[in-house]
Amino acid sequence: MRGSCRPRNTQDRPVCMTNCPTLIVTVGLPARGKTYISKKLTRYLNWIGVPTKEFNVGDYRRECLKIYKSFEFFRPDNEEGVKIRRQCALSALNDVRQYLSVEGGQVAVFDATNTTRDRRVTIMKFAEQNGFKVFFVESVCEDPDVIAQNIVQVKLGNPDYVHCSSDEAIADFMKRIKCYESSYQPLDEDLDSDVSFIKIMDVGCRYLVNRVVDHIQSRIVYYLMNIHITPRSIYLCRHGESDLNIQGRIGGDSGLSARGKEYAKRLGKFIEEQQIKDLKVWTSQMKRTIQTAECLGVPYEQWKSLNEIDAGVCEEMMYEEIQEHFPLEFALRDQDKYRYRYPKGESYEDLVQRLEPVIMELERQENVLVICHQAVMRCLLAYFLDKTSHELPYLKCPLHTVLKLTPVAYGCKVESVYLGVDAVNTHRDRPENVNVQRSTEDALQTVPAHL
Amino acid sequence: MKHRSPSAEQHRGKLPRVGAPAAAAPPPDGTMEDTSPPNPRELTQNPLKKIWMPNKNGLPEKHISHRKVCMTNCPTLIVTVGLPARGKTYISKKLTRYLNWIGVPTREFNVGQYRRDFLKIYKSFEFFRPDNEEGLKIRRQCASAALNDVRQYLTDKGGQVAVFDATNTTRERRGTIVQFAEQNGFKVFFVESVCEDPEVIQENIVQVKLGSPDYTNCNTEEAVEDFMKRIKCYENSYETLDEVSDRDLSYIKIMDVGQRFLVNRVLDHIQSRIVYYLMNIHITPRSIYLCRHGESDLNVNGRIGGDSGLTPNGKEFAKKLNQFIQTQNIQDLKVWTSQMKRTIQTAEALSVPYEQWKVLNEIDAGVCEEMMYEEIQEHYPLEFALRDQDKYRYRYPKGESYEDLVQRLEPVIMELERQENVLVICHQAVMRCLLAYFLDKTAAELPYLKCPLHTVLKLTPVAYGCKVESISLNVEAVNTHREKPENVDIHRTTEDALQTVPPHL
């Protein structure tokens, strides 16, 4: 087969270096989920290690205008409004350039309606001048129920409508949408055949994907095609307390202690009481999570990728022993717990890579209970709660506590449910002294109590 | 709020599957009794795969927990759609190979093949004329015969995915297939290939049609001419998948060899993976080079695993590898290594940048890391025997299995599909897994593929498969290939166990 099978006119574009930054540009009428998608995508990309930031032009407008009066601002014949909106867009693009060219950002998400071809061409020129690749994400939806629900969920609480009643807000917002409708030029298979984009139709029922040019765009498309907005909850918890937990030892593959078994029973009751529809239960392939799941009386699936972080040569050691045998390693870990890799083991950074398929499947699924481990749970939690890599390794995930995560508006509601069974504390905070020359006492300052 | 059809994992078939004892959804064994079992079941660890399973009276109990992560609840029928020479068979074969490699039992059913078996001799395109009643009858029979085999494969033989490869260009034919699937409790996913680029079609004919059994007795020009007329026979009645008329079907429409895709109603995990895969493959000519690191210190000592450096021979290989790469004059070569010292040392000798992938690390031998086979036999004779009994599924204690390796390597394969010219410097077990993907080897063959040190395999996609060139760079190295011994019984003698261990220091 000949090489001419590649799209012919990529030669016309300026040659991009392999790692050139990407500008994602949303397209769509108001209340089509652009900001929802922008925030979610940004969260996902950051979690997998791609520095990403979103730039919401509406926020720039709110900064500039201070007070939102009414939909009239968005009327296409409102010259003052049009001028301000253009300025805000340029200001946002300026910050995009700063982020991608100067601050080390890899992906910028430019969140605005961008409903005219004109506006999109301006953005593409900007990107070309700066050596950014562009990828458009359009959301098209005409289902009035979806749009109404969108308005209720995220517009009513918006700063623009803080002083309005629900009815007033909805009425105004509908008129606002109308301002965009007549000039809306959706991405078109023929007119925009040279542009890289994904068009999401009817909340993910259908997708049109054009000219995916690289790995990151391919991953973005895969992610966007797997997310949904069906209401559901994700339950995260650790296995019941294990024998090694009680001894203050890390890793290993021990069974549940008596208290751990008690927790498993309580977990079974809790799940029953929650009356969750079609709950899927996932465990790791380590004995303690499986023993916990066995008490639930429902089928469960074992995932090797949910296994606890591999502590390599430190497996089954107490922190005191790690300090004794590997004081340098112990200090390095405290210096950068996210990136630190145990000798012959893993790092949190490795864990995240290993857990990405779990996150992808969690996005596809509806109600799921994940019974896992401390480090694993921290990684999953960090994804849902948008925690940085600094915060991630210190998230509190105590034994015998279930976290119920429910997506709401642009984020995630968390309910923490302690099931009332005592357990040892396994959380070790970062000590003050992380210097490699520190004393044993300083090193062990934050080790939690154990047998 | 309107949302996706609830329980998206539920199959869309309305009638119970014919003849199958189990319903479309796997029976949840754990819920047949009351919902809160008084005593949680004891767990035993399967000695081969090291999977914890509940047991009853000391015997492992069959439970959904030891099934692999479920890709789909019920079998899936993938149906190709498109005019001749649009790459349907190429896609069918490639997809089948990928799905089998990741562990989803898949088989393709090419209706053209059924027609060739039936007709024996192909005369001309006239057979395909829409007004040829005899032809139509035979073609319909062949499609039915193929569907019958599909039913058998998915319902009786444990298949999970069947790829029904035919033109399926009319809505009527597709309707028949959808009905068939519904009756049998299969999900249907259509894969349509649409292309009007005459150069692409021409190249397709040259690559795969000229060599087809249909045209063995024709010269090139005759064959091309006849085939073009054959395509014409389908064109008038071609009803492409349509956004509106076919909005209830699950499908992907591939346009212009992957430039554009229309994806409708992806229902479950396996369909999502299929879409992702189809969106990442391409047909741009390129070659993939696979080799291992240069000979390492642990290699010469007959030890497995570890993270040692190169021997002088190994370093010599690295230099020769650099020369080889230079002479090949490869355009835009990407070089990938693992994060182990020996592959990185090898790449360092090349004058090109390289990328380190942790997932390319050698199989983790757990407690057996850095042991000689003799030592494994001495300390873990049971483990050693179990490994010989089922080398693909066997997991080292605190280590990995080949099966685990494949799962870990899937992102590498996906990225290899996206890329063009790549050199992968890896390890024996890893290279076996990658090679098995490209050469469509079974799980039984995979762990015994020969991947000797200091030898580069150059893989070049051609027609429906992969051409392999083996290039030895003529630097001596120890042999690390251990064949399956005759005696794999756990009570075998040490001598029997070590029968096939290659010589070392």
# chains A, B, ... in the order shown; residues from 1 in each chain; ligands from 1
>>> residues_around(residues="range 394-399 of chain B", least_positions_apart="5", cutoff="6 Å", atoms="only C-alpha atoms", output="ChimeraX atom specification")
/B:48-49,364-367,387
>>> select_by_dssp(residues="range 278-337 of chain A", states="helix (DSSP H, G or I)", output="PyMOL selection string")
chain A and resi 287-294+304-306+312-314+319-325+327-335
>>> interface_residues(of="chain A", to="chain B", cutoff="7 Å", atoms="only C-alpha atoms", output="mmCIF file with all heavy atoms, in the first residue's frame")
data_model
loop_
_atom_site.group_PDB
_atom_site.id
_atom_site.type_symbol
_atom_site.label_atom_id
_atom_site.label_comp_id
_atom_site.auth_asym_id
_atom_site.auth_seq_id
_atom_site.Cartn_x
_atom_site.Cartn_y
_atom_site.Cartn_z
ATOM 1 N N MET A 1 0.856 -1.186 0.000
ATOM 2 C CA MET A 1 0.000 0.000 0.000
ATOM 3 C C MET A 1 0.890 1.233 0.000
ATOM 4 O O MET A 1 1.933 1.255 0.626
ATOM 5 C CB MET A 1 -0.897 0.012 1.239
ATOM 6 C CG MET A 1 -1.919 -1.074 1.212
ATOM 7 S SD MET A 1 -3.214 -0.697 0.054
ATOM 8 C CE MET A 1 -4.410 -1.911 0.472
ATOM 9 N N ARG A 2 0.478 2.256 -0.659
ATOM 10 C CA ARG A 2 1.357 3.408 -0.773
ATOM 11 C C ARG A 2 1.155 4.395 0.356
ATOM 12 O O ARG A 2 0.092 4.493 0.951
ATOM 13 C CB ARG A 2 1.118 4.097 -2.112
ATOM 14 C CG ARG A 2 1.532 3.186 -3.265
ATOM 15 C CD ARG A 2 1.425 3.878 -4.585
ATOM 16 N NE ARG A 2 0.050 4.236 -4.869
ATOM 17 C CZ ARG A 2 -0.290 5.269 -5.635
ATOM 18 N NH1 ARG A 2 0.628 6.020 -6.132
ATOM 19 N NH2 ARG A 2 -1.547 5.541 -5.857
ATOM 20 N N GLY A 3 2.203 5.173 0.575
ATOM 21 C CA GLY A 3 2.135 6.173 1.631
ATOM 22 C C GLY A 3 1.134 7.257 1.343
ATOM 23 O O GLY A 3 0.748 8.014 2.201
ATOM 24 N N CYS A 5 -1.718 7.044 1.145
ATOM 25 C CA CYS A 5 -2.965 6.812 1.842
ATOM 26 C C CYS A 5 -3.114 7.702 3.054
ATOM 27 O O CYS A 5 -4.150 7.764 3.674
ATOM 28 C CB CYS A 5 -3.069 5.345 2.283
ATOM 29 S SG CYS A 5 -2.997 4.244 0.882
ATOM 30 N N ARG A 6 -2.085 8.389 3.432
ATOM 31 C CA ARG A 6 -2.172 9.355 4.523
ATOM 32 C C ARG A 6 -2.928 10.576 4.003
ATOM 33 O O ARG A 6 -2.850 10.891 2.827
ATOM 34 C CB ARG A 6 -0.773 9.811 4.930
ATOM 35 C CG ARG A 6 -0.152 8.920 5.950
ATOM 36 C CD ARG A 6 -0.732 9.251 7.287
ATOM 37 N NE ARG A 6 0.062 8.715 8.364
ATOM 38 C CZ ARG A 6 -0.462 8.182 9.449
ATOM 39 N NH1 ARG A 6 -1.741 8.102 9.584
ATOM 40 N NH2 ARG A 6 0.318 7.743 10.402
ATOM 41 N N PRO A 7 -3.632 11.293 4.854
ATOM 42 C CA PRO A 7 -4.310 12.515 4.393
ATOM 43 C C PRO A 7 -3.305 13.427 3.705
ATOM 44 O O PRO A 7 -2.226 13.666 4.226
ATOM 45 C CB PRO A 7 -4.815 13.169 5.679
ATOM 46 C CG PRO A 7 -4.753 12.125 6.717
ATOM 47 C CD PRO A 7 -3.823 11.064 6.290
ATOM 48 N N ASP A 145 -35.192 17.952 26.960
ATOM 49 C CA ASP A 145 -35.048 17.470 28.329
ATOM 50 C C ASP A 145 -33.625 17.608 28.827
ATOM 51 O O ASP A 145 -33.378 18.049 29.948
ATOM 52 C CB ASP A 145 -35.443 15.981 28.422
ATOM 53 C CG ASP A 145 -36.938 15.794 28.225
ATOM 54 O OD1 ASP A 145 -37.707 16.763 28.440
ATOM 55 O OD2 ASP A 145 -37.346 14.687 27.849
ATOM 56 N N VAL A 146 -32.694 17.211 27.961
ATOM 57 C CA VAL A 146 -31.281 17.277 28.358
ATOM 58 C C VAL A 146 -30.871 18.717 28.619
ATOM 59 O O VAL A 146 -30.193 19.023 29.596
ATOM 60 C CB VAL A 146 -30.388 16.646 27.271
ATOM 61 C CG1 VAL A 146 -28.920 16.856 27.606
ATOM 62 C CG2 VAL A 146 -30.680 15.162 27.127
ATOM 63 N N GLN A 149 -32.370 20.043 31.848
ATOM 64 C CA GLN A 149 -31.678 19.468 32.997
ATOM 65 C C GLN A 149 -30.317 20.137 33.190
ATOM 66 O O GLN A 149 -29.902 20.414 34.314
ATOM 67 C CB GLN A 149 -31.507 17.964 32.777
ATOM 68 C CG GLN A 149 -30.855 17.226 33.920
ATOM 69 C CD GLN A 149 -31.694 17.249 35.191
ATOM 70 O OE1 GLN A 149 -31.219 17.536 36.266
ATOM 71 N NE2 GLN A 149 -32.979 16.950 35.042
ATOM 72 N N CYS A 205 -24.548 9.455 22.036
ATOM 73 C CA CYS A 205 -25.173 8.385 21.267
ATOM 74 C C CYS A 205 -24.394 8.160 19.976
ATOM 75 O O CYS A 205 -24.200 7.028 19.538
ATOM 76 C CB CYS A 205 -26.610 8.803 20.993
ATOM 77 S SG CYS A 205 -27.514 7.642 20.025
ATOM 78 N N ARG A 206 -23.883 9.264 19.398
ATOM 79 C CA ARG A 206 -23.213 9.169 18.104
ATOM 80 C C ARG A 206 -22.008 10.111 18.073
ATOM 81 O O ARG A 206 -22.022 11.161 18.720
ATOM 82 C CB ARG A 206 -24.202 9.536 16.996
ATOM 83 C CG ARG A 206 -23.761 9.144 15.591
ATOM 84 C CD ARG A 206 -24.919 9.128 14.610
ATOM 85 N NE ARG A 206 -25.496 10.442 14.391
ATOM 86 C CZ ARG A 206 -26.656 10.849 14.864
ATOM 87 N NH1 ARG A 206 -27.393 10.036 15.599
ATOM 88 N NH2 ARG A 206 -27.094 12.058 14.620
ATOM 89 N N TYR A 207 -20.972 9.734 17.342
ATOM 90 C CA TYR A 207 -19.766 10.543 17.242
ATOM 91 C C TYR A 207 -19.293 10.607 15.799
ATOM 92 O O TYR A 207 -19.339 9.612 15.087
ATOM 93 C CB TYR A 207 -18.608 9.932 18.047
ATOM 94 C CG TYR A 207 -18.923 9.689 19.497
ATOM 95 C CD1 TYR A 207 -19.479 8.473 19.899
ATOM 96 C CD2 TYR A 207 -18.669 10.658 20.455
ATOM 97 C CE1 TYR A 207 -19.779 8.251 21.224
ATOM 98 C CE2 TYR A 207 -18.960 10.431 21.786
ATOM 99 C CZ TYR A 207 -19.523 9.220 22.172
ATOM 100 O OH TYR A 207 -19.816 8.992 23.472
ATOM 101 N N LEU A 208 -18.815 11.778 15.406
ATOM 102 C CA LEU A 208 -18.131 11.899 14.122
ATOM 103 C C LEU A 208 -16.709 12.322 14.456
ATOM 104 O O LEU A 208 -16.508 13.317 15.150
ATOM 105 C CB LEU A 208 -18.811 12.946 13.236
ATOM 106 C CG LEU A 208 -18.184 13.126 11.842
ATOM 107 C CD1 LEU A 208 -18.363 11.874 11.006
ATOM 108 C CD2 LEU A 208 -18.821 14.320 11.125
ATOM 109 N N VAL A 209 -15.741 11.558 14.000
ATOM 110 C CA VAL A 209 -14.351 11.833 14.335
ATOM 111 C C VAL A 209 -13.576 12.067 13.057
ATOM 112 O O VAL A 209 -13.618 11.254 12.147
ATOM 113 C CB VAL A 209 -13.725 10.643 15.105
ATOM 114 C CG1 VAL A 209 -12.277 10.921 15.450
ATOM 115 C CG2 VAL A 209 -14.530 10.340 16.355
ATOM 116 N N ASN A 210 -12.875 13.180 12.978
ATOM 117 C CA ASN A 210 -12.156 13.532 11.754
ATOM 118 C C ASN A 210 -10.687 13.826 12.005
ATOM 119 O O ASN A 210 -10.356 14.630 12.866
ATOM 120 C CB ASN A 210 -12.817 14.763 11.112
ATOM 121 C CG ASN A 210 -12.386 14.979 9.672
ATOM 122 O OD1 ASN A 210 -12.563 14.099 8.840
ATOM 123 N ND2 ASN A 210 -11.813 16.125 9.375
ATOM 124 N N ARG A 211 -9.812 13.177 11.256
ATOM 125 C CA ARG A 211 -8.376 13.456 11.260
ATOM 126 C C ARG A 211 -7.728 13.495 12.641
ATOM 127 O O ARG A 211 -7.110 14.484 13.015
ATOM 128 C CB ARG A 211 -8.099 14.793 10.572
ATOM 129 C CG ARG A 211 -8.325 14.748 9.099
ATOM 130 C CD ARG A 211 -7.685 15.992 8.446
ATOM 131 N NE ARG A 211 -8.088 16.068 7.061
ATOM 132 C CZ ARG A 211 -7.439 15.485 6.072
ATOM 133 N NH1 ARG A 211 -6.347 14.762 6.321
ATOM 134 N NH2 ARG A 211 -7.866 15.602 4.832
ATOM 135 N N TYR A 222 -10.917 8.507 22.707
ATOM 136 C CA TYR A 222 -11.296 7.285 23.435
ATOM 137 C C TYR A 222 -11.979 7.653 24.752
ATOM 138 O O TYR A 222 -13.034 7.115 25.099
ATOM 139 C CB TYR A 222 -10.051 6.456 23.685
ATOM 140 C CG TYR A 222 -10.285 5.099 24.323
ATOM 141 C CD1 TYR A 222 -11.329 4.269 23.945
ATOM 142 C CD2 TYR A 222 -9.412 4.613 25.300
ATOM 143 C CE1 TYR A 222 -11.509 3.021 24.518
ATOM 144 C CE2 TYR A 222 -9.587 3.367 25.879
ATOM 145 C CZ TYR A 222 -10.633 2.574 25.488
ATOM 146 O OH TYR A 222 -10.806 1.335 26.060
ATOM 147 N N ILE A 229 -23.422 10.516 31.193
ATOM 148 C CA ILE A 229 -23.953 11.359 32.271
ATOM 149 C C ILE A 229 -25.099 10.690 33.012
ATOM 150 O O ILE A 229 -25.863 11.344 33.717
ATOM 151 C CB ILE A 229 -24.411 12.731 31.722
ATOM 152 C CG1 ILE A 229 -25.429 12.548 30.597
ATOM 153 C CG2 ILE A 229 -23.218 13.561 31.261
ATOM 154 C CD1 ILE A 229 -26.139 13.845 30.231
ATOM 155 N N THR A 230 -25.223 9.380 32.859
ATOM 156 C CA THR A 230 -26.266 8.669 33.601
ATOM 157 C C THR A 230 -25.945 8.746 35.086
ATOM 158 O O THR A 230 -24.812 8.485 35.494
ATOM 159 C CB THR A 230 -26.286 7.191 33.178
ATOM 160 O OG1 THR A 230 -26.373 7.121 31.764
ATOM 161 C CG2 THR A 230 -27.451 6.465 33.809
ATOM 162 N N GLN A 285 -6.457 -8.863 43.138
ATOM 163 C CA GLN A 285 -6.248 -10.307 43.203
ATOM 164 C C GLN A 285 -5.526 -10.694 44.489
ATOM 165 O O GLN A 285 -4.935 -11.770 44.592
ATOM 166 C CB GLN A 285 -5.484 -10.783 41.963
ATOM 167 C CG GLN A 285 -6.415 -10.854 40.764
ATOM 168 C CD GLN A 285 -5.775 -11.427 39.524
ATOM 169 O OE1 GLN A 285 -4.572 -11.657 39.463
ATOM 170 N NE2 GLN A 285 -6.591 -11.659 38.497
ATOM 171 N N LYS A 287 -5.545 -11.570 48.534
ATOM 172 C CA LYS A 287 -6.468 -12.319 49.386
ATOM 173 C C LYS A 287 -7.377 -11.421 50.204
ATOM 174 O O LYS A 287 -8.587 -11.689 50.325
ATOM 175 C CB LYS A 287 -5.626 -13.210 50.314
ATOM 176 C CG LYS A 287 -6.420 -14.178 51.140
ATOM 177 C CD LYS A 287 -5.488 -15.089 51.929
ATOM 178 C CE LYS A 287 -6.295 -16.128 52.709
ATOM 179 N NZ LYS A 287 -5.416 -16.961 53.541
ATOM 180 N N GLU A 294 -16.095 -11.646 49.547
ATOM 181 C CA GLU A 294 -16.812 -12.904 49.781
ATOM 182 C C GLU A 294 -17.983 -12.728 50.731
ATOM 183 O O GLU A 294 -18.982 -13.438 50.654
ATOM 184 C CB GLU A 294 -15.852 -13.962 50.341
ATOM 185 C CG GLU A 294 -15.097 -14.715 49.269
ATOM 186 C CD GLU A 294 -15.982 -15.668 48.493
ATOM 187 O OE1 GLU A 294 -16.748 -16.421 49.126
ATOM 188 O OE2 GLU A 294 -15.929 -15.650 47.257
ATOM 189 N N CYS A 295 -17.864 -11.735 51.633
ATOM 190 C CA CYS A 295 -18.929 -11.532 52.609
ATOM 191 C C CYS A 295 -20.136 -10.808 52.040
ATOM 192 O O CYS A 295 -21.139 -10.615 52.719
ATOM 193 C CB CYS A 295 -18.397 -10.724 53.795
ATOM 194 S SG CYS A 295 -17.335 -11.706 54.849
ATOM 195 N N LEU A 296 -20.030 -10.331 50.833
ATOM 196 C CA LEU A 296 -21.124 -9.530 50.292
ATOM 197 C C LEU A 296 -22.228 -10.376 49.683
ATOM 198 O O LEU A 296 -23.348 -9.906 49.515
ATOM 199 C CB LEU A 296 -20.597 -8.561 49.225
ATOM 200 C CG LEU A 296 -19.479 -7.620 49.674
ATOM 201 C CD1 LEU A 296 -19.100 -6.699 48.528
ATOM 202 C CD2 LEU A 296 -19.912 -6.805 50.876
ATOM 203 N N GLY A 297 -21.897 -11.595 49.339
ATOM 204 C CA GLY A 297 -22.921 -12.435 48.742
ATOM 205 C C GLY A 297 -23.346 -12.026 47.354
ATOM 206 O O GLY A 297 -24.400 -12.423 46.883
ATOM 207 N N VAL A 298 -22.529 -11.230 46.700
ATOM 208 C CA VAL A 298 -22.817 -10.884 45.301
ATOM 209 C C VAL A 298 -21.595 -11.228 44.454
ATOM 210 O O VAL A 298 -20.484 -11.313 44.983
ATOM 211 C CB VAL A 298 -23.158 -9.387 45.119
ATOM 212 C CG1 VAL A 298 -24.466 -9.051 45.787
ATOM 213 C CG2 VAL A 298 -22.028 -8.507 45.615
ATOM 214 N N PRO A 299 -21.789 -11.441 43.154
ATOM 215 C CA PRO A 299 -20.630 -11.755 42.321
ATOM 216 C C PRO A 299 -19.653 -10.580 42.293
ATOM 217 O O PRO A 299 -20.063 -9.437 42.466
ATOM 218 C CB PRO A 299 -21.221 -11.976 40.919
ATOM 219 C CG PRO A 299 -22.674 -11.868 41.033
ATOM 220 C CD PRO A 299 -23.035 -11.368 42.379
ATOM 221 N N TYR A 300 -18.385 -10.878 42.126
ATOM 222 C CA TYR A 300 -17.387 -9.824 42.046
ATOM 223 C C TYR A 300 -16.354 -10.207 41.003
ATOM 224 O O TYR A 300 -16.215 -11.371 40.651
ATOM 225 C CB TYR A 300 -16.712 -9.580 43.399
ATOM 226 C CG TYR A 300 -16.111 -10.814 44.033
ATOM 227 C CD1 TYR A 300 -14.790 -11.160 43.784
ATOM 228 C CD2 TYR A 300 -16.870 -11.620 44.865
ATOM 229 C CE1 TYR A 300 -14.234 -12.303 44.354
ATOM 230 C CE2 TYR A 300 -16.332 -12.760 45.436
ATOM 231 C CZ TYR A 300 -15.016 -13.100 45.182
ATOM 232 O OH TYR A 300 -14.491 -14.232 45.739
ATOM 233 N N GLU A 301 -15.633 -9.215 40.523
ATOM 234 C CA GLU A 301 -14.622 -9.426 39.498
ATOM 235 C C GLU A 301 -13.269 -9.083 40.066
ATOM 236 O O GLU A 301 -13.106 -8.047 40.698
ATOM 237 C CB GLU A 301 -14.878 -8.483 38.322
ATOM 238 C CG GLU A 301 -15.666 -9.098 37.195
ATOM 239 C CD GLU A 301 -15.969 -8.075 36.126
ATOM 240 O OE1 GLU A 301 -15.049 -7.340 35.710
ATOM 241 O OE2 GLU A 301 -17.153 -8.012 35.736
ATOM 242 N N GLN A 302 -12.277 -9.932 39.791
ATOM 243 C CA GLN A 302 -10.927 -9.675 40.282
ATOM 244 C C GLN A 302 -10.101 -8.970 39.217
ATOM 245 O O GLN A 302 -10.058 -9.396 38.079
ATOM 246 C CB GLN A 302 -10.225 -10.990 40.632
ATOM 247 C CG GLN A 302 -10.857 -11.763 41.759
ATOM 248 C CD GLN A 302 -10.023 -12.977 42.129
ATOM 249 O OE1 GLN A 302 -8.845 -13.049 41.786
ATOM 250 N NE2 GLN A 302 -10.622 -13.908 42.836
ATOM 251 N N TRP A 303 -9.444 -7.890 39.582
ATOM 252 C CA TRP A 303 -8.560 -7.157 38.664
ATOM 253 C C TRP A 303 -7.140 -7.185 39.235
ATOM 254 O O TRP A 303 -6.912 -6.666 40.335
ATOM 255 C CB TRP A 303 -8.951 -5.684 38.579
ATOM 256 C CG TRP A 303 -10.233 -5.339 37.943
ATOM 257 C CD1 TRP A 303 -11.495 -5.663 38.368
ATOM 258 C CD2 TRP A 303 -10.424 -4.526 36.784
ATOM 259 N NE1 TRP A 303 -12.436 -5.113 37.545
ATOM 260 C CE2 TRP A 303 -11.809 -4.410 36.558
ATOM 261 C CE3 TRP A 303 -9.549 -3.875 35.909
ATOM 262 C CZ2 TRP A 303 -12.342 -3.667 35.489
ATOM 263 C CZ3 TRP A 303 -10.082 -3.138 34.848
ATOM 264 C CH2 TRP A 303 -11.467 -3.045 34.646
#
>>> residues_around(residues="range 104-121 of chain B", least_positions_apart="6", cutoff="7 Å", atoms="only C-alpha atoms", output="ChimeraX atom specification")
/B:92-93,96,139,142-143,146,159-166
>>> atom_distance(atom1="CA of Arg129 in chain B", atom2="CA of Ala85 in chain B")
16.8 Å
>>> residues_around(residues="Asn313 in chain B", least_positions_apart="3", cutoff="10 Å", atoms="only C-alpha atoms", output="JSON, numbers by chain")
{"B": [294, 295, 296, 297, 310, 316, 317, 318, 319, 454, 475, 476, 477, 478]}
>>> residues_around(residues="Tyr342 in chain A", least_positions_apart="2", cutoff="8 Å", atoms="only C-alpha atoms", output="count of residues only")
11
>>> closest_residue(among="A:Asp160, A:Gly104, A:Arg341, A:His215", to="Glu417 in chain B", atoms="only C-alpha atoms")
A:His215
>>> closest_residue(among="A:Lys40, A:Ile216, A:Arg117, A:Gly58", to="Leu191 in chain A", atoms="only C-alpha atoms")
A:Arg117
>>> atom_distance(atom1="CA of Phe173 in chain A", atom2="CA of Arg85 in chain A")
17.0 Å
>>> atom_distance(atom1="CA of Tyr44 in chain A", atom2="CA of Tyr383 in chain A")
6.9 Å
>>> residues_around(residues="Ile91 in chain B", least_positions_apart="5", cutoff="9 Å", atoms="only C-alpha atoms", output="PyMOL selection string")
chain B and resi 80+96+191+278+464
